[in-house]
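File shown: final29.pdb (PDB, C-alpha atoms, pLDDT in the B column).
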ATOM      1  CA  MET A 449     108.974 102.968  82.059  1.00 61.00           C
ATOM      2  CA  ALA A 450     106.829 102.914  78.941  1.00 62.00           C
ATOM      3  CA  SER A 451     103.683 104.418  80.384  1.00 65.00           C
ATOM      4  CA  ARG A 452     101.921 105.369  83.568  1.00 66.00           C
ATOM      5  CA  SER A 453      98.165 105.415  83.361  1.00 66.00           C
ATOM      6  CA  ARG A 454      95.589 106.620  85.827  1.00 64.00           C
ATOM      7  CA  GLY A 455      92.072 105.345  85.740  1.00 61.00           C
ATOM      8  CA  SER A 456      90.758 102.287  84.020  1.00 62.00           C
ATOM      9  CA  LEU A 457      90.827 103.234  80.378  1.00 64.00           C
ATOM     10  CA  LEU A 458      94.305 102.425  79.009  1.00 64.00           C
ATOM     11  CA  LEU A 459      93.573 100.373  75.906  1.00 68.00           C
ATOM     12  CA  VAL A 460      96.921 100.285  74.070  1.00 76.00           C
ATOM     13  CA  LEU A 461     100.505 100.333  75.252  1.00 79.00           C
ATOM     14  CA  ASP A 462     102.940 100.881  72.376  1.00 81.00           C
ATOM     15  CA  VAL A 463     106.419  99.666  73.354  1.00 82.00           C
ATOM     16  CA  THR A 464     107.997 100.095  69.918  1.00 82.00           C
ATOM     17  CA  ASP A 465     110.569 102.631  71.074  1.00 84.00           C
ATOM     18  CA  ILE A 466     111.847 100.589  74.017  1.00 84.00           C
ATOM     19  CA  VAL A 467     112.021  96.970  72.812  1.00 84.00           C
ATOM     20  CA  HIS A 468     115.257  95.399  71.615  1.00 84.00           C
ATOM     21  CA  PRO A 469     114.728  93.331  68.439  1.00 80.00           C
ATOM     22  CA  ASP A 470     118.063  91.537  68.895  1.00 81.00           C
ATOM     23  CA  GLY A 471     117.714  90.657  72.574  1.00 81.00           C
ATOM     24  CA  GLN A 472     115.380  89.510  75.304  1.00 84.00           C
ATOM     25  CA  ASN A 473     112.551  91.807  76.355  1.00 85.00           C
ATOM     26  CA  LEU A 474     110.526  91.853  79.527  1.00 85.00           C
ATOM     27  CA  LEU A 475     107.243  93.683  80.001  1.00 82.00           C
ATOM     28  CA  ALA A 476     106.030  94.024  83.577  1.00 82.00           C
ATOM     29  CA  VAL A 477     102.614  95.459  84.368  1.00 80.00           C
ATOM     30  CA  LEU A 478     102.337  96.889  87.864  1.00 81.00           C
ATOM     31  CA  VAL A 479      98.816  97.475  89.105  1.00 80.00           C
ATOM     32  CA  TYR A 480      98.020  99.730  92.043  1.00 79.00           C
ATOM     33  CA  PRO A 481      94.691 100.240  93.809  1.00 80.00           C
ATOM     34  CA  PRO A 482      92.798 103.449  93.078  1.00 81.00           C
ATOM     35  CA  ASP A 483      93.808 106.578  94.987  1.00 83.00           C
ATOM     36  CA  HIS A 484      90.214 107.140  96.110  1.00 83.00           C
ATOM     37  CA  PRO A 485      88.699 103.693  96.810  1.00 83.00           C
ATOM     38  CA  GLY A 486      85.754 105.281  98.595  1.00 84.00           C
ATOM     39  CA  SER A 487      83.940 104.049 101.649  1.00 83.00           C
ATOM     40  CA  ILE A 488      80.712 102.201 102.028  1.00 79.00           C
ATOM     41  CA  PRO A 489      78.218 102.757 104.849  1.00 74.00           C
ATOM     42  CA  PRO A 490      77.435  99.656 106.948  1.00 72.00           C
ATOM     43  CA  GLU A 491      74.067  99.295 105.250  1.00 68.00           C
ATOM     44  CA  GLY A 492      75.843  99.293 101.835  1.00 66.00           C
ATOM     45  CA  GLY A 493      74.350 100.234  98.518  1.00 67.00           C
ATOM     46  CA  GLN A 494      74.026 103.135  96.102  1.00 77.00           C
ATOM     47  CA  GLY A 495      77.687 103.605  95.207  1.00 75.00           C
ATOM     48  CA  GLY A 496      79.016 104.370  98.672  1.00 81.00           C
ATOM     49  CA  ASP A 497      80.409 107.891  98.902  1.00 85.00           C
ATOM     50  CA  HIS A 498      81.212 108.080  95.131  1.00 83.00           C
ATOM     51  CA  GLU A 499      84.880 108.941  95.846  1.00 85.00           C
ATOM     52  CA  ILE A 500      85.999 106.288  93.360  1.00 80.00           C
ATOM     53  CA  GLY A 501      84.592 108.498  90.596  1.00 80.00           C
ATOM     54  CA  LYS A 502      87.649 110.735  91.055  1.00 83.00           C
ATOM     55  CA  ASP A 503      89.790 107.917  89.630  1.00 78.00           C
ATOM     56  CA  VAL A 504      87.915 107.433  86.333  1.00 72.00           C
ATOM     57  CA  ALA A 505      86.495 104.145  87.561  1.00 74.00           C
ATOM     58  CA  THR A 506      83.053 102.611  87.591  1.00 79.00           C
ATOM     59  CA  GLN A 507      81.156 103.704  90.679  1.00 79.00           C
ATOM     60  CA  TYR A 508      79.173 100.494  91.068  1.00 81.00           C
ATOM     61  CA  VAL A 509      82.288  98.769  92.493  1.00 80.00           C
ATOM     62  CA  GLU A 510      81.532 100.513  95.811  1.00 80.00           C
ATOM     63  CA  GLY A 511      78.311  98.518  95.894  1.00 80.00           C
ATOM     64  CA  TRP A 512      74.774  99.287  94.794  1.00 82.00           C
ATOM     65  CA  ASP A 513      71.327  97.958  95.545  1.00 81.00           C
ATOM     66  CA  TRP A 514      71.852  95.265  92.891  1.00 84.00           C
ATOM     67  CA  MET A 515      75.340  94.101  93.896  1.00 80.00           C
ATOM     68  CA  CYS A 516      77.771  93.844  96.792  1.00 81.00           C
ATOM     69  CA  PRO A 517      80.876  96.053  96.894  1.00 81.00           C
ATOM     70  CA  ILE A 518      83.963  94.680  95.159  1.00 78.00           C
ATOM     71  CA  ARG A 519      86.845  94.665  97.629  1.00 76.00           C
ATOM     72  CA  ASP A 520      89.656  95.460  95.194  1.00 76.00           C
ATOM     73  CA  ARG A 521      87.454  97.829  93.140  1.00 76.00           C
ATOM     74  CA  ASN A 522      88.122  95.791  89.952  1.00 76.00           C
ATOM     75  CA  THR A 523      91.811  96.691  90.112  1.00 77.00           C
ATOM     76  CA  GLY A 524      93.948  94.906  87.546  1.00 78.00           C
ATOM     77  CA  ILE A 525      93.792  93.501  84.047  1.00 79.00           C
ATOM     78  CA  TRP A 526      90.390  91.986  83.453  1.00 74.00           C
ATOM     79  CA  ASP A 527      90.172  91.455  79.710  1.00 77.00           C
ATOM     80  CA  GLU A 528      92.265  89.812  77.035  1.00 80.00           C
ATOM     81  CA  VAL A 529      95.770  91.139  76.413  1.00 79.00           C
ATOM     82  CA  PRO A 530      96.657  90.726  72.737  1.00 80.00           C
ATOM     83  CA  ILE A 531     100.297  91.099  71.718  1.00 80.00           C
ATOM     84  CA  SER A 532     100.803  92.411  68.186  1.00 80.00           C
ATOM     85  CA  VAL A 533     104.156  92.118  66.458  1.00 79.00           C
ATOM     86  CA  THR A 534     104.673  94.080  63.259  1.00 78.00           C
ATOM     87  CA  GLY A 535     107.582  94.688  60.946  1.00 77.00           C
ATOM     88  CA  ASN A 536     110.890  92.849  61.160  1.00 76.00           C
ATOM     89  CA  PHE A 537     110.777  91.811  64.804  1.00 75.00           C
ATOM     90  CA  PRO A 538     111.419  88.186  65.775  1.00 74.00           C
ATOM     91  CA  CYS A 539     109.018  86.929  68.421  1.00 76.00           C
ATOM     92  CA  ASP A 540     109.678  83.255  69.083  1.00 75.00           C
ATOM     93  CA  THR A 541     108.449  82.751  72.626  1.00 78.00           C
ATOM     94  CA  VAL A 542     105.970  84.615  74.776  1.00 78.00           C
ATOM     95  CA  SER A 543     105.617  83.706  78.450  1.00 79.00           C
ATOM     96  CA  ILE A 544     103.081  85.126  80.858  1.00 77.00           C
ATOM     97  CA  VAL A 545     103.698  84.950  84.602  1.00 76.00           C
ATOM     98  CA  ILE A 546     101.035  86.086  87.052  1.00 74.00           C
ATOM     99  CA  CYS A 547     102.381  86.951  90.501  1.00 71.00           C
TER     100      CYS A 547
END
Could the structure of this file be written out as structure tokens, please?
Amino acid sequence: MASRSRGSLLLVLDVTDIVHPDGQNLLAVLVYPPDHPGSIPPEGGQGGDHEIGKDVATQYVEGWDWMCPIRDRNTGIWDEVPISVTGNFPCDTVSIVIC
């Protein structure tokens, strides 16, 4: 395992020490829901009970007066994922599989 991150702020994952330049490499990203997803009152709004704040996540995902709650609390990769190869490392084919 290269890294285990909590919260939503992991920006870089350096796998230099675990890749094999002369073989096939596989990088799997496992995403789990937050430990404290919070609860929302039936009438909704205003960030629910703010429990999600314990997980270094945005509190608006529990709903606010300007948006509905987000069921999965924005869990997962939601921005671009650049792959940078430096040095003498052959990288012929990159495949991305979303399960």
Can you tell me, as number ranges by chain, what residues are no more than 6 Å from Val509 of chain A when counting only C-alpha atoms, ignoring any on the same chain fewer than 3 positions away? A: 517-518, 521
What is the atom CA of Val529 of chain A to atom CA of Asp470 of chain A distance in Å?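 Computing it gives 23.5 Å between the two atoms.
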Quick check, in Å to one decimal: how far apart do atom CA of Pro485 of chain A and atom CA of Ile500 of chain A lie?
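It comes out at 5.1 Å.
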Point-to-point distance from atom CA of Gly495 of chain A to atom CA of Ile525 of chain A, Å rounded to tenths:
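Those two atoms sit 22.0 Å apart.
The nearest approach to Trp512 of chain A among the residues A:Asp527, A:Asp483, A:Asp497, A:Asp465, with only C-alpha atoms taken into account, belongs to A:Asp497.
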Exercise. Nearest to Val463 of chain A among A:Ser532, A:Thr506, A:Thr523, A:Glu499, with distances taken over all atoms listed in the file: which residue is it?
Worked result: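 Looking only at the distances to Val463 of chain A, the closest residue turns out to be A:Ser532.
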Handout entry: Chain and number of each residue from the PyMOL selection byres ((chain A and resi 547) around 12), as a PyMOL selection string
Key = chain A and resi 476-479+524+544-546
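Checking A:Met515, A:Ile488, A:Leu475, A:Val504 one by one against Leu461 of chain A, counting all atoms listed in the file, you find the shortest gap at A:Leu475.
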Using only C-alpha atoms, which of A:Pro538, A:Pro482, A:Pro530, A:Gly501 sits nearest His468 of chain A?
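The shortest atom-to-atom distance to His468 of chain A comes from A:Pro538.
Omitting Gly496 of chain A and its sequence neighbours fewer than 6 positions away, and counting only C-alpha atoms, the residues within 8 Å are Gly486, Ser487, Ile488, Pro489, Glu510, Gly511 and Trp512 of chain A.
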Could you check which of A:Trp514, A:Tyr508, A:His498, A:Val460 is closest to Glu528 of chain A, using all atoms listed in the file?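 Nearest candidate to Glu528 of chain A out of A:Trp514, A:Tyr508, A:His498, A:Val460: A:Val460.
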Can you report as JSON the centre and edge lengths in Å, to one decimal, of an axis-aligned box around the listed atoms of segment 500-519 of chain A padded with 8 Å on each side?
{"center_x": 80.6, "center_y": 102.3, "center_z": 92.0, "size_x": 34.5, "size_y": 32.9, "size_z": 27.3}
(Q) Using all atoms listed in the file, which protein or nucleic acid residues come within 10 Å of Asn473 of chain A? Drop anything in the same chain fewer than 6 positions from it, and give the result as number ranges by chain. (A) A: 466-467, 539, 542
Given the selection you just returned, output its residues as a file containing C-alpha atoms, formatted as a compact mmCIF listing (two decimals), keeping the file's coordinate frame.
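After the write, out22.txt holds the following:
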# COMPACT_ATOMS: atom_id res chain seq x y z
CA ILE A 466 111.85 100.59 74.02
CA VAL A 467 112.02 96.97 72.81
CA CYS A 539 109.02 86.93 68.42
CA VAL A 542 105.97 84.62 74.78
